[in-house]
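Chemist: Next up, query_22.tsv (TSV, C-alpha atoms).
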```tsv
chain	number	residue	atom	x	y	z
A	47	MET	CA	-8.94	-4.37	-38.17
A	48	LYS	CA	-8.59	-8.12	-38.72
A	49	LYS	CA	-10.91	-10.33	-36.70
A	50	SER	CA	-9.71	-13.44	-34.86
A	51	ASN	CA	-8.31	-15.77	-37.48
A	52	SER	CA	-10.28	-18.68	-38.90
A	53	LYS	CA	-8.90	-22.22	-38.96
A	54	ALA	CA	-8.24	-21.88	-42.71
A	55	TYR	CA	-6.27	-18.66	-42.10
A	56	VAL	CA	-4.17	-20.21	-39.32
A	57	LYS	CA	-3.40	-23.24	-41.49
A	58	GLN	CA	-2.31	-21.05	-44.42
A	59	SER	CA	-0.24	-18.85	-42.12
A	60	GLU	CA	1.73	-21.83	-40.84
A	61	LYS	CA	2.39	-23.04	-44.38
A	62	ALA	CA	3.38	-19.52	-45.43
A	63	LYS	CA	6.04	-19.38	-42.70
A	64	GLU	CA	7.57	-22.53	-44.18
A	65	SER	CA	7.37	-21.19	-47.74
A	66	ILE	CA	9.30	-17.96	-47.06
A	67	LYS	CA	12.20	-19.46	-45.08
A	68	ASN	CA	14.63	-18.51	-47.85
A	69	TYR	CA	12.87	-15.25	-48.66
A	70	ASP	CA	15.85	-13.11	-47.59
A	71	ASN	CA	18.01	-14.77	-50.24
A	72	PHE	CA	16.37	-12.44	-52.74
A	73	SER	CA	17.06	-8.86	-51.67
A	74	MET	CA	15.59	-5.87	-53.46
A	75	SER	CA	18.94	-4.18	-54.00
A	76	ASP	CA	20.17	-7.24	-55.88
A	77	ASN	CA	17.12	-7.65	-58.07
A	78	ARG	CA	15.71	-4.25	-58.84
A	79	ASN	CA	15.94	-2.82	-62.33
A	80	THR	CA	18.15	0.27	-62.24
A	81	ASN	CA	17.68	1.40	-65.84
A	82	LEU	CA	17.11	5.11	-66.35
A	83	HIS	CA	13.48	6.02	-66.77
A	84	ASN	CA	12.30	5.96	-70.38
A	85	VAL	CA	12.69	9.28	-72.16
A	86	GLU	CA	9.34	8.64	-73.85
A	87	PHE	CA	6.46	8.03	-71.45
A	88	ASN	CA	5.59	4.34	-71.20
A	89	SER	CA	2.34	3.45	-69.44
A	90	ASN	CA	3.49	-0.18	-69.07
A	91	ALA	CA	7.02	0.43	-67.79
A	92	SER	CA	8.65	-2.10	-65.41
A	93	TYR	CA	7.80	-5.19	-67.46
A	94	TYR	CA	9.83	-6.92	-70.20
A	95	GLU	CA	7.84	-8.72	-72.89
A	96	GLU	CA	8.51	-10.71	-76.04
A	97	ILE	CA	5.55	-10.82	-78.43
A	98	TYR	CA	5.15	-13.83	-80.73
A	99	ASN	CA	1.65	-13.54	-82.10
A	100	THR	CA	-0.83	-10.68	-82.59
A	101	LYS	CA	-3.60	-12.55	-84.41
A	102	TRP	CA	-5.81	-12.22	-81.33
A	103	LYS	CA	-5.56	-8.44	-81.61
A	104	ASP	CA	-6.61	-8.47	-85.27
A	105	LEU	CA	-9.84	-10.16	-84.18
A	106	ARG	CA	-10.74	-7.36	-81.74
A	107	ASP	CA	-13.07	-4.60	-82.91
A	108	LYS	CA	-12.53	-0.85	-83.23
A	109	ASN	CA	-13.95	-0.16	-79.76
A	110	TYR	CA	-11.18	-2.25	-78.22
A	111	LYS	CA	-8.49	-0.51	-80.24
A	112	ASP	CA	-9.88	2.92	-79.32
A	113	TYR	CA	-9.84	1.93	-75.65
A	114	ARG	CA	-6.22	0.77	-75.84
A	115	ASN	CA	-5.23	4.07	-77.43
A	116	LEU	CA	-6.88	5.86	-74.49
A	117	TRP	CA	-5.00	3.58	-72.07
A	118	HIS	CA	-1.71	5.02	-73.29
A	119	GLU	CA	-2.78	8.55	-74.14
A	120	ILE	CA	-4.76	9.52	-71.02
A	121	PRO	CA	-1.85	9.18	-68.52
A	122	LYS	CA	0.52	10.75	-71.03
A	123	LEU	CA	-1.77	13.79	-71.14
A	124	LYS	CA	-2.33	13.60	-67.35
A	125	LYS	CA	-6.05	13.80	-68.00
A	126	THR	CA	-8.76	12.80	-65.50
A	127	LEU	CA	-11.65	10.94	-67.09
A	128	ASP	CA	-15.19	10.86	-65.74
A	129	PHE	CA	-14.53	7.28	-64.54
A	130	PRO	CA	-11.48	4.99	-64.64
A	131	LEU	CA	-10.88	3.08	-67.85
A	132	HIS	CA	-10.21	-0.07	-65.83
A	133	LEU	CA	-11.12	-1.68	-62.51
A	134	ASP	CA	-8.98	-4.25	-60.71
A	135	ILE	CA	-11.50	-6.27	-58.69
A	136	GLU	CA	-10.21	-8.63	-56.01
A	137	THR	CA	-13.01	-11.19	-56.27
A	138	THR	CA	-11.26	-13.26	-53.60
A	139	ASN	CA	-8.11	-12.99	-51.50
A	140	VAL	CA	-7.95	-16.80	-51.26
A	141	CYS	CA	-5.19	-18.62	-53.12
A	142	ASN	CA	-4.36	-22.33	-53.34
A	143	LEU	CA	-0.59	-21.64	-53.54
A	144	LEU	CA	1.92	-20.02	-51.20
A	145	CYS	CA	4.62	-18.63	-53.47
A	146	PRO	CA	7.53	-17.27	-51.40
A	147	MET	CA	7.96	-14.08	-53.46
A	148	CYS	CA	4.28	-13.13	-53.17
A	149	PRO	CA	3.32	-10.35	-50.73
A	150	ARG	CA	0.24	-12.37	-49.79
A	151	THR	CA	2.45	-15.22	-48.51
A	152	VAL	CA	4.70	-12.81	-46.62
A	153	GLN	CA	1.73	-11.14	-44.93
A	154	LEU	CA	0.12	-14.47	-44.08
A	155	ALA	CA	3.38	-15.58	-42.47
A	156	ASP	CA	3.42	-12.60	-40.10
A	157	GLU	CA	-0.40	-12.68	-39.75
A	158	SER	CA	-0.87	-9.14	-41.10
A	159	PHE	CA	-3.01	-10.35	-44.00
A	160	GLY	CA	-6.77	-9.77	-43.76
A	161	GLU	CA	-9.32	-12.51	-43.17
A	162	LEU	CA	-9.99	-14.73	-46.17
A	163	GLY	CA	-13.17	-14.50	-48.20
A	164	TYR	CA	-15.03	-14.14	-51.49
A	165	LEU	CA	-17.12	-11.39	-53.08
A	166	THR	CA	-20.82	-12.21	-53.15
A	167	LYS	CA	-22.81	-12.19	-56.37
A	168	GLU	CA	-24.63	-9.08	-55.21
A	169	GLU	CA	-21.39	-7.21	-54.50
A	170	TYR	CA	-19.91	-8.17	-57.85
A	171	LYS	CA	-23.05	-7.23	-59.79
A	172	ASP	CA	-23.12	-3.83	-58.11
A	173	ILE	CA	-19.51	-3.14	-59.08
A	174	ILE	CA	-20.03	-4.21	-62.70
A	175	ASP	CA	-23.29	-2.27	-62.98
A	176	GLN	CA	-21.60	0.91	-61.79
A	177	ALA	CA	-18.70	0.31	-64.17
A	178	VAL	CA	-20.96	-0.15	-67.18
A	179	GLU	CA	-23.09	2.87	-66.24
A	180	HIS	CA	-19.98	5.05	-66.43
A	181	ASN	CA	-18.47	3.48	-69.57
A	182	CYS	CA	-15.63	1.56	-67.92
A	183	LYS	CA	-13.80	-0.41	-70.61
A	184	SER	CA	-12.00	-3.23	-68.85
A	185	ILE	CA	-11.73	-5.26	-65.65
A	186	LYS	CA	-9.22	-7.61	-64.08
A	187	LEU	CA	-10.65	-10.17	-61.67
A	188	ASN	CA	-7.82	-10.46	-59.20
A	189	TYR	CA	-5.33	-8.76	-56.94
A	190	LEU	CA	-3.55	-11.00	-54.41
A	191	GLY	CA	-5.95	-13.94	-54.63
A	192	GLU	CA	-6.37	-16.66	-57.24
A	193	PRO	CA	-9.53	-15.87	-59.25
A	194	LEU	CA	-10.08	-19.52	-60.19
A	195	ALA	CA	-10.54	-20.26	-56.48
A	196	HIS	CA	-13.86	-18.39	-56.64
A	197	LYS	CA	-16.68	-20.80	-57.49
A	198	GLU	CA	-18.48	-18.06	-59.48
A	199	ILE	CA	-15.57	-17.22	-61.82
A	200	ILE	CA	-17.40	-18.40	-64.96
A	201	TRP	CA	-20.49	-16.38	-64.08
A	202	GLN	CA	-18.34	-13.35	-63.24
A	203	VAL	CA	-16.76	-13.34	-66.70
A	204	LYS	CA	-20.09	-13.96	-68.44
A	205	TYR	CA	-21.94	-11.25	-66.49
A	206	ALA	CA	-19.30	-8.63	-67.26
A	207	LYS	CA	-19.25	-9.48	-70.96
A	208	GLU	CA	-23.05	-9.53	-71.23
A	209	LYS	CA	-23.24	-6.12	-69.56
A	210	GLY	CA	-20.80	-4.67	-72.09
A	211	ILE	CA	-17.29	-4.68	-70.59
A	212	LEU	CA	-14.91	-4.72	-73.57
A	213	ASP	CA	-11.90	-6.40	-71.99
A	214	VAL	CA	-12.22	-9.03	-69.24
A	215	MET	CA	-9.05	-10.59	-67.90
A	216	PHE	CA	-7.28	-12.11	-64.94
A	217	ASN	CA	-3.92	-13.39	-63.75
A	218	SER	CA	-3.72	-17.00	-62.63
A	219	ASN	CA	-1.27	-19.64	-61.45
A	220	ALA	CA	-3.26	-22.03	-63.74
A	221	SER	CA	-3.11	-24.95	-61.29
A	222	LEU	CA	-6.93	-24.91	-61.06
A	223	LEU	CA	-7.41	-24.42	-64.81
A	224	THR	CA	-9.11	-27.70	-65.72
A	225	LYS	CA	-10.25	-28.54	-69.26
A	226	GLU	CA	-13.87	-28.07	-68.26
A	227	LYS	CA	-13.18	-24.69	-66.65
A	228	SER	CA	-11.09	-23.58	-69.64
A	229	LYS	CA	-13.95	-24.36	-72.03
A	230	GLU	CA	-16.48	-22.54	-69.85
A	231	LEU	CA	-14.26	-19.47	-69.46
A	232	LEU	CA	-13.74	-19.16	-73.20
A	233	GLU	CA	-17.43	-19.64	-73.92
A	234	ALA	CA	-18.23	-17.01	-71.27
A	235	GLY	CA	-16.09	-14.50	-73.21
A	236	LEU	CA	-12.73	-14.26	-71.45
A	237	ASP	CA	-10.50	-11.82	-73.36
A	238	ASN	CA	-7.07	-12.22	-71.72
A	239	LEU	CA	-5.42	-14.85	-69.55
A	240	PHE	CA	-2.12	-13.94	-67.90
A	241	ILE	CA	-0.38	-16.95	-66.38
A	242	SER	CA	2.40	-16.93	-63.79
A	243	PHE	CA	4.96	-19.58	-64.75
A	244	ASP	CA	8.13	-19.07	-62.73
A	245	ALA	CA	10.45	-21.88	-63.79
A	246	VAL	CA	10.79	-24.82	-66.14
A	247	ASP	CA	13.02	-26.87	-63.84
A	248	PRO	CA	10.63	-29.02	-61.73
A	249	HIS	CA	12.54	-28.43	-58.50
A	250	GLU	CA	12.76	-24.65	-58.91
A	251	PHE	CA	9.10	-24.55	-59.93
A	252	SER	CA	8.07	-26.45	-56.79
A	253	ILE	CA	9.83	-23.80	-54.68
A	254	GLN	CA	8.56	-20.77	-56.60
A	255	ARG	CA	5.01	-22.10	-57.02
A	256	LYS	CA	4.54	-23.75	-53.65
A	257	GLY	CA	1.61	-26.15	-53.79
A	258	THR	CA	1.58	-27.39	-57.38
A	259	THR	CA	3.83	-28.99	-60.00
A	260	VAL	CA	5.23	-27.85	-63.32
A	261	GLY	CA	3.73	-30.88	-65.10
A	262	LYS	CA	0.21	-30.09	-63.97
A	263	VAL	CA	0.47	-26.45	-65.00
A	264	ILE	CA	1.99	-27.31	-68.41
A	265	ASP	CA	-0.93	-29.64	-69.13
A	266	ASN	CA	-3.50	-27.10	-67.98
A	267	VAL	CA	-2.01	-24.24	-70.00
A	268	PHE	CA	-1.58	-26.30	-73.15
A	269	ASN	CA	-5.15	-27.59	-72.96
A	270	PHE	CA	-6.38	-24.02	-72.54
A	271	ILE	CA	-4.42	-22.91	-75.62
A	272	LEU	CA	-5.84	-25.74	-77.75
A	273	LEU	CA	-9.37	-24.80	-76.68
A	274	ARG	CA	-8.65	-21.09	-77.16
A	275	ASN	CA	-7.59	-21.74	-80.75
A	276	GLU	CA	-10.85	-23.56	-81.39
A	277	ILE	CA	-13.41	-21.58	-79.33
A	278	ARG	CA	-12.13	-18.01	-78.91
A	279	PRO	CA	-8.97	-17.15	-80.86
A	280	SER	CA	-9.38	-13.48	-79.87
A	281	CYS	CA	-8.40	-14.39	-76.30
A	282	GLN	CA	-4.82	-13.35	-75.57
A	283	VAL	CA	-2.61	-15.79	-73.62
A	284	ARG	CA	0.59	-14.54	-71.98
A	285	LEU	CA	3.00	-16.32	-69.62
A	286	SER	CA	5.18	-14.38	-67.19
A	287	MET	CA	7.82	-15.12	-64.62
A	288	VAL	CA	9.55	-13.30	-61.80
A	289	MET	CA	13.14	-12.49	-62.72
A	290	TYR	CA	16.18	-12.35	-60.42
A	291	LYS	CA	19.69	-11.13	-61.15
A	292	ASP	CA	21.15	-14.60	-61.14
A	293	GLU	CA	22.01	-16.20	-64.49
A	294	LYS	CA	20.04	-19.35	-63.73
A	295	TRP	CA	16.78	-17.38	-63.92
A	296	GLN	CA	17.60	-16.05	-67.37
A	297	ARG	CA	18.21	-19.66	-68.39
A	298	GLN	CA	14.78	-20.53	-67.03
A	299	PHE	CA	13.27	-17.80	-69.19
A	300	ASP	CA	15.18	-19.06	-72.23
A	301	ALA	CA	13.77	-22.54	-71.57
A	302	LEU	CA	10.31	-21.02	-71.23
A	303	LYS	CA	10.71	-19.64	-74.75
A	304	ILE	CA	11.66	-23.05	-76.14
A	305	ILE	CA	8.52	-24.62	-74.68
A	306	TRP	CA	5.96	-21.88	-75.27
A	307	ALA	CA	7.03	-19.44	-78.02
A	308	ASN	CA	5.09	-21.31	-80.72
A	309	HIS	CA	1.95	-21.57	-78.61
A	310	VAL	CA	1.36	-18.42	-76.55
A	311	ASP	CA	0.99	-14.83	-77.72
A	312	ALA	CA	3.68	-13.38	-75.46
A	313	LEU	CA	6.19	-14.19	-72.75
A	314	GLY	CA	7.49	-11.73	-70.21
A	315	TRP	CA	9.12	-11.09	-66.88
A	316	GLY	CA	9.36	-8.50	-64.15
A	317	TYR	CA	12.11	-8.18	-61.55
A	318	TYR	CA	11.43	-9.48	-58.08
A	319	ILE	CA	10.97	-6.60	-55.65
A	320	ASP	CA	11.19	-7.15	-51.91
A	321	ARG	CA	7.92	-5.90	-50.42
A	322	ASP	CA	8.64	-6.89	-46.84
A	323	ILE	CA	8.13	-3.68	-44.85
A	324	LYS	CA	11.11	-4.55	-42.63
A	325	ASN	CA	13.35	-4.40	-45.70
A	326	SER	CA	11.73	-1.38	-47.35
A	327	ILE	CA	14.03	1.30	-48.72
A	328	TYR	CA	13.47	4.54	-50.56
A	329	PHE	CA	14.39	4.71	-54.21
A	330	SER	CA	15.98	7.90	-55.42
A	331	GLU	CA	13.68	10.45	-57.05
A	332	VAL	CA	13.41	10.44	-60.83
A	333	LYS	CA	12.77	14.02	-61.93
A	334	GLY	CA	9.90	14.42	-64.36
A	335	TYR	CA	8.38	11.01	-63.65
A	336	HIS	CA	4.67	10.47	-63.18
A	337	CYS	CA	2.77	7.22	-62.78
A	338	ALA	CA	0.10	6.13	-65.26
A	339	GLN	CA	-2.08	4.21	-62.82
A	340	PRO	CA	-3.84	7.06	-60.95
A	341	PHE	CA	-5.14	8.23	-64.34
A	342	GLN	CA	-6.13	4.80	-65.70
A	343	ARG	CA	-7.42	2.47	-63.04
A	344	MET	CA	-8.76	1.85	-59.56
A	345	PHE	CA	-8.16	-1.14	-57.27
A	346	LEU	CA	-11.05	-2.64	-55.30
A	347	LYS	CA	-9.75	-4.94	-52.56
A	348	TYR	CA	-11.79	-7.76	-51.05
A	349	ASN	CA	-11.65	-5.98	-47.66
A	350	GLY	CA	-13.49	-2.98	-49.14
A	351	ASN	CA	-10.50	-0.67	-49.47
A	352	VAL	CA	-9.95	1.23	-52.70
A	353	THR	CA	-6.31	1.87	-53.58
A	354	ILE	CA	-4.54	3.54	-56.50
A	355	CYS	CA	-1.93	1.14	-57.83
A	356	CYS	CA	-0.72	-2.45	-58.20
A	357	ILE	CA	2.20	-1.93	-55.80
A	358	ASP	CA	0.08	-1.10	-52.75
A	359	ASP	CA	-0.38	-4.60	-51.33
A	360	LYS	CA	-0.42	-3.25	-47.74
A	361	ASP	CA	-3.14	-0.66	-48.44
A	362	GLU	CA	-0.88	2.25	-47.53
A	363	THR	CA	-2.83	4.74	-49.66
A	364	ILE	CA	-6.55	4.18	-49.21
A	365	VAL	CA	-8.82	6.58	-51.13
A	366	GLY	CA	-12.21	5.09	-50.22
A	367	ASN	CA	-14.33	2.02	-49.50
A	368	TRP	CA	-16.31	0.49	-52.35
A	369	ARG	CA	-18.76	-1.18	-49.96
A	370	GLU	CA	-19.72	2.21	-48.50
A	371	GLU	CA	-19.32	4.68	-51.39
A	372	LYS	CA	-20.12	4.93	-55.09
A	373	LEU	CA	-17.11	4.28	-57.30
A	374	LYS	CA	-17.50	7.52	-59.24
A	375	ASP	CA	-17.54	9.52	-56.00
A	376	ILE	CA	-14.30	7.85	-54.89
A	377	TRP	CA	-12.65	8.55	-58.25
A	378	HIS	CA	-13.44	12.26	-57.90
A	379	ASN	CA	-12.85	12.71	-54.17
A	380	GLU	CA	-10.23	15.10	-52.79
A	381	LYS	CA	-7.73	12.36	-51.93
A	382	TYR	CA	-7.69	11.06	-55.49
A	383	LYS	CA	-7.56	14.55	-56.95
A	384	GLU	CA	-4.53	15.41	-54.83
A	385	ILE	CA	-2.72	12.22	-55.86
A	386	ARG	CA	-3.31	12.99	-59.53
A	387	ARG	CA	-2.26	16.60	-58.96
A	388	LEU	CA	1.03	15.50	-57.39
A	389	HIS	CA	1.79	13.09	-60.23
A	390	GLY	CA	0.60	15.53	-62.86
A	391	THR	CA	2.95	18.26	-61.62
A	392	GLY	CA	6.02	16.06	-61.26
A	393	ASN	CA	5.76	15.79	-57.47
A	394	TYR	CA	5.14	12.06	-57.09
A	395	TYR	CA	8.05	11.87	-54.60
A	396	LYS	CA	6.02	13.80	-52.03
A	397	MET	CA	3.93	10.66	-51.54
A	398	GLU	CA	5.39	8.31	-48.93
A	399	MET	CA	4.32	5.16	-50.75
A	400	CYS	CA	5.68	6.40	-54.08
A	401	LYS	CA	9.15	6.90	-52.59
A	402	LYS	CA	9.32	3.12	-52.10
A	403	CYS	CA	8.17	2.34	-55.66
A	404	TYR	CA	10.55	0.82	-58.21
A	405	MET	CA	8.56	1.83	-61.29
A	406	PRO	CA	10.30	5.20	-61.80
A	407	HIS	CA	13.55	3.23	-62.17
A	408	SER	CA	12.11	0.67	-64.61
```
Could you express the structure from this file as structure tokens?

Modeler:
Amino acid sequence: MKKSNSKAYVKQSEKAKESIKNYDNFSMSDNRNTNLHNVEFNSNASYYEEIYNTKWKDLRDKNYKDYRNLWHEIPKLKKTLDFPLHLDIETTNVCNLLCPMCPRTVQLADESFGELGYLTKEEYKDIIDQAVEHNCKSIKLNYLGEPLAHKEIIWQVKYAKEKGILDVMFNSNASLLTKEKSKELLEAGLDNLFISFDAVDPHEFSIQRKGTTVGKVIDNVFNFILLRNEIRPSCQVRLSMVMYKDEKWQRQFDALKIIWANHVDALGWGYYIDRDIKNSIYFSEVKGYHCAQPFQRMFLKYNGNVTICCIDDKDETIVGNWREEKLKDIWHNEKYKEIRRLHGTGNYYKMEMCKKCYMPHS
């Protein structure tokens, strides 16, 4: 249960209310992808991507390539490993922006979001040490927060790489990505940077990325790319945007390609999905579908909850608490086993949360 809100929380909540005033203009039924599910299993379904450069991949070693093969094969085979291949670690739930499409902003506006905070060094070390002990291959250092808002982000990347994590990554809005921080991240061993870049038009950008400007983010991203090319060319850089079924957003993506196609490794988009619980609807069942995520990864939220997938921003399906239990024990507990059994036998639709998921229709 959330404690009485801090001054910082109250201030963000008020700003969030302002940010989402036009939130209802983007309804899920208008923006969801209604393609039939892929005939061939795709562990990364629901995301459209254009790849421009794979030189970074050529610089990765055999261990990385073996891990990526497992990433696709394990969920296809519906196999349970001894430990997840990947951990999503919410190092902080603090963010410097209040983007109207973000579930964090929506929850702050109605004050259902948890209290703000940061993982301690001791908590982070314990997570990484457990991961390495059980041969975890990759980590992502964010969920709903902005990882660059954590003052220990450089140390977090460095510690994970020194301990032996193959693939260290995070998503960022890049507004805090200074030249100095870019250099330090690359020297620490960052392997992937995924940047949210939701418009080229300055006005649209200021609405979509509430709290920063397109000019600032362009400068930050370009400086990072120049340093990447010099310091760590094996680091992948990808820009993504949220897509809506209005032609102006496709034009924004086309403009994104003009600016960035010769500089980044990939550009992509995913459809906006309304995650406001008041507007939630059930998607129709897709026979034969199963989700990759319960077989690949585990999500460790700042509040201690462990969840099973990227969609569960309200912690509807909690399988454990990483502050109170060992990660391997959570991965093999009865709740997790039952979830994998349901997905493995084609019964994902028996899960309440999964009925509201758009991925089967992606």

Chemist: Report the distance between atom CA of A:Lys256 and atom CA of A:Val288 in Å, rounded to one decimal place.

Modeler: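 Computed distance, atom CA of A:Lys256 to atom CA of A:Val288, equals 14.2 Å.
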
Chemist: Report, in Å to a single decimal, how far apart atom CA of A:Glu60 and atom CA of A:Lys360 are.

Modeler: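 Interatomic distance, atom CA of A:Lys360 to atom CA of A:Glu60: 19.9 Å.
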
Chemist: So which one's closest to A:Phe243, A:Lys291, A:Arg255, A:Lys372, A:Lys63? Using all atoms listed in the file, please.

Modeler: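 Of A:Lys291, A:Arg255, A:Lys372, A:Lys63, the one nearest A:Phe243 is A:Arg255, counting all atoms listed in the file.
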
Chemist: Which value, in Å to one decimal, gives the distance between atom CA of A:Phe240 and atom CA of A:His118?

Modeler: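 The value is 19.7 Å.
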
Chemist: Residues of stretch 215-247 of chain A that approach stretch 302-312 of chain A to 12 Å or less, counting only C-alpha atoms: could you list each one with the shortest pair of atoms and its distance in Å to one decimal, rows by chain and increasing residue number, as a Markdown table?

Modeler:
```
| residue | atom | partner | partner_atom | distance |
| --- | --- | --- | --- | --- |
| A:Asn238 | CA | A:Asp311 | CA | 10.4 |
| A:Leu239 | CA | A:Val310 | CA | 10.4 |
| A:Phe240 | CA | A:Ala312 | CA | 9.5 |
| A:Ile241 | CA | A:Val310 | CA | 10.4 |
| A:Ser242 | CA | A:Leu302 | CA | 11.6 |
| A:Phe243 | CA | A:Leu302 | CA | 8.5 |
| A:Asp244 | CA | A:Leu302 | CA | 9.0 |
| A:Ala245 | CA | A:Leu302 | CA | 7.5 |
| A:Val246 | CA | A:Leu302 | CA | 6.4 |
| A:Asp247 | CA | A:Leu302 | CA | 9.8 |
```

Chemist: Excluding A:Asn139 and any residue of its chain fewer than 6 positions from it, enumerate the residues within 9 Å of it, using only C-alpha atoms, and give them as number ranges by chain.

Modeler: A: 150, 160-164, 188-193, 347-349

Chemist: Which of these residues is nearest to A:Pro146, using all atoms listed in the file: A:Leu313, A:Leu223, A:Ile319, A:Val267?

Modeler: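 Under the stated criterion, the closest residue is A:Ile319.
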
Chemist: Of the residues A:Lys381, A:Lys209, A:Arg343, A:Lys294, which is the one nearest to A:Ile364, using all atoms listed in the file?

Modeler: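 Smallest distance to A:Ile364 is found for A:Lys381.
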
Chemist: Hey, which of A:Leu194, A:Tyr93, A:Tyr110, A:Val365 ends up closest to A:Met405? Count only C-alpha atoms.

Modeler: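 Closest candidate: A:Tyr93.
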
Chemist: Residues within 10 Å of A:Thr151, please, as a list in words. Count all atoms listed in the file; anything in the same chain fewer than 3 positions from it doesn't count.

Modeler: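 Once the adjacent positions are removed, what remains is Gln58, Ser59, Lys61, Ala62, Lys63, Glu64, Ser65, Ile66, Cys141, Leu143, Leu144, Cys145, Pro146, Met147, Cys148, Leu154, Ala155, Asp156, Glu157, Phe159 and Leu190 of chain A.
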
Chemist: Return the single residue from A:Glu136, A:Glu179, A:Glu371, A:Glu331 that is closest to A:Lys401, with distances computed using all atoms listed in the file.

Modeler: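 Between A:Glu136, A:Glu179, A:Glu371, A:Glu331, the residue approaching A:Lys401 most closely is A:Glu331.
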
Chemist: Rank nothing, just name the residue among A:Ala54, A:Met289, A:Leu131, A:Ile199 nearest to A:Tyr113, using only C-alpha atoms.

Modeler: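 Of the candidates, the smallest distance to A:Tyr113 is held by A:Leu131.
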
Chemist: Write stretch 181-186 of chain A as a PDB file, keeping the file's coordinate frame, completed to all heavy atoms.

Modeler:
```pdb
ATOM      1  N   ASN A 181     -19.270   3.754 -68.361  1.00  0.00           N
ATOM      2  CA  ASN A 181     -18.470   3.480 -69.570  1.00  0.00           C
ATOM      3  C   ASN A 181     -17.068   2.978 -69.278  1.00  0.00           C
ATOM      4  O   ASN A 181     -16.115   3.277 -70.015  1.00  0.00           O
ATOM      5  CB  ASN A 181     -18.410   4.733 -70.453  1.00  0.00           C
ATOM      6  CG  ASN A 181     -18.127   4.398 -71.912  1.00  0.00           C
ATOM      7  OD1 ASN A 181     -18.447   3.306 -72.384  1.00  0.00           O
ATOM      8  ND2 ASN A 181     -17.525   5.332 -72.618  1.00  0.00           N
ATOM      9  N   CYS A 182     -16.905   2.219 -68.201  1.00  0.00           N
ATOM     10  CA  CYS A 182     -15.630   1.560 -67.920  1.00  0.00           C
ATOM     11  C   CYS A 182     -15.366   0.520 -69.007  1.00  0.00           C
ATOM     12  O   CYS A 182     -16.277  -0.195 -69.431  1.00  0.00           O
ATOM     13  CB  CYS A 182     -15.686   0.887 -66.546  1.00  0.00           C
ATOM     14  SG  CYS A 182     -14.181   0.033 -66.054  1.00  0.00           S
ATOM     15  N   LYS A 183     -14.123   0.427 -69.455  1.00  0.00           N
ATOM     16  CA  LYS A 183     -13.800  -0.410 -70.610  1.00  0.00           C
ATOM     17  C   LYS A 183     -13.302  -1.805 -70.252  1.00  0.00           C
ATOM     18  O   LYS A 183     -13.485  -2.739 -71.023  1.00  0.00           O
ATOM     19  CB  LYS A 183     -12.739   0.283 -71.469  1.00  0.00           C
ATOM     20  CG  LYS A 183     -13.116   1.685 -71.935  1.00  0.00           C
ATOM     21  CD  LYS A 183     -14.344   1.680 -72.815  1.00  0.00           C
ATOM     22  CE  LYS A 183     -14.639   3.086 -73.361  1.00  0.00           C
ATOM     23  NZ  LYS A 183     -15.881   3.114 -74.165  1.00  0.00           N
ATOM     24  N   SER A 184     -12.619  -1.936 -69.127  1.00  0.00           N
ATOM     25  CA  SER A 184     -12.000  -3.230 -68.850  1.00  0.00           C
ATOM     26  C   SER A 184     -11.957  -3.525 -67.356  1.00  0.00           C
ATOM     27  O   SER A 184     -11.994  -2.611 -66.525  1.00  0.00           O
ATOM     28  CB  SER A 184     -10.583  -3.293 -69.433  1.00  0.00           C
ATOM     29  OG  SER A 184      -9.688  -2.480 -68.714  1.00  0.00           O
ATOM     30  N   ILE A 185     -11.861  -4.824 -67.040  1.00  0.00           N
ATOM     31  CA  ILE A 185     -11.730  -5.260 -65.650  1.00  0.00           C
ATOM     32  C   ILE A 185     -10.727  -6.401 -65.564  1.00  0.00           C
ATOM     33  O   ILE A 185     -10.558  -7.176 -66.503  1.00  0.00           O
ATOM     34  CB  ILE A 185     -13.083  -5.726 -65.045  1.00  0.00           C
ATOM     35  CG1 ILE A 185     -13.657  -6.910 -65.835  1.00  0.00           C
ATOM     36  CG2 ILE A 185     -14.081  -4.573 -64.964  1.00  0.00           C
ATOM     37  CD1 ILE A 185     -14.853  -7.579 -65.166  1.00  0.00           C
ATOM     38  N   LYS A 186     -10.062  -6.467 -64.418  1.00  0.00           N
ATOM     39  CA  LYS A 186      -9.220  -7.610 -64.080  1.00  0.00           C
ATOM     40  C   LYS A 186      -9.761  -8.209 -62.796  1.00  0.00           C
ATOM     41  O   LYS A 186      -9.979  -7.494 -61.823  1.00  0.00           O
ATOM     42  CB  LYS A 186      -7.756  -7.206 -63.924  1.00  0.00           C
ATOM     43  CG  LYS A 186      -6.824  -8.368 -63.600  1.00  0.00           C
ATOM     44  CD  LYS A 186      -5.379  -7.922 -63.451  1.00  0.00           C
ATOM     45  CE  LYS A 186      -4.720  -7.768 -64.812  1.00  0.00           C
ATOM     46  NZ  LYS A 186      -3.245  -7.555 -64.672  1.00  0.00           N
TER      47      LYS A 186
END
```
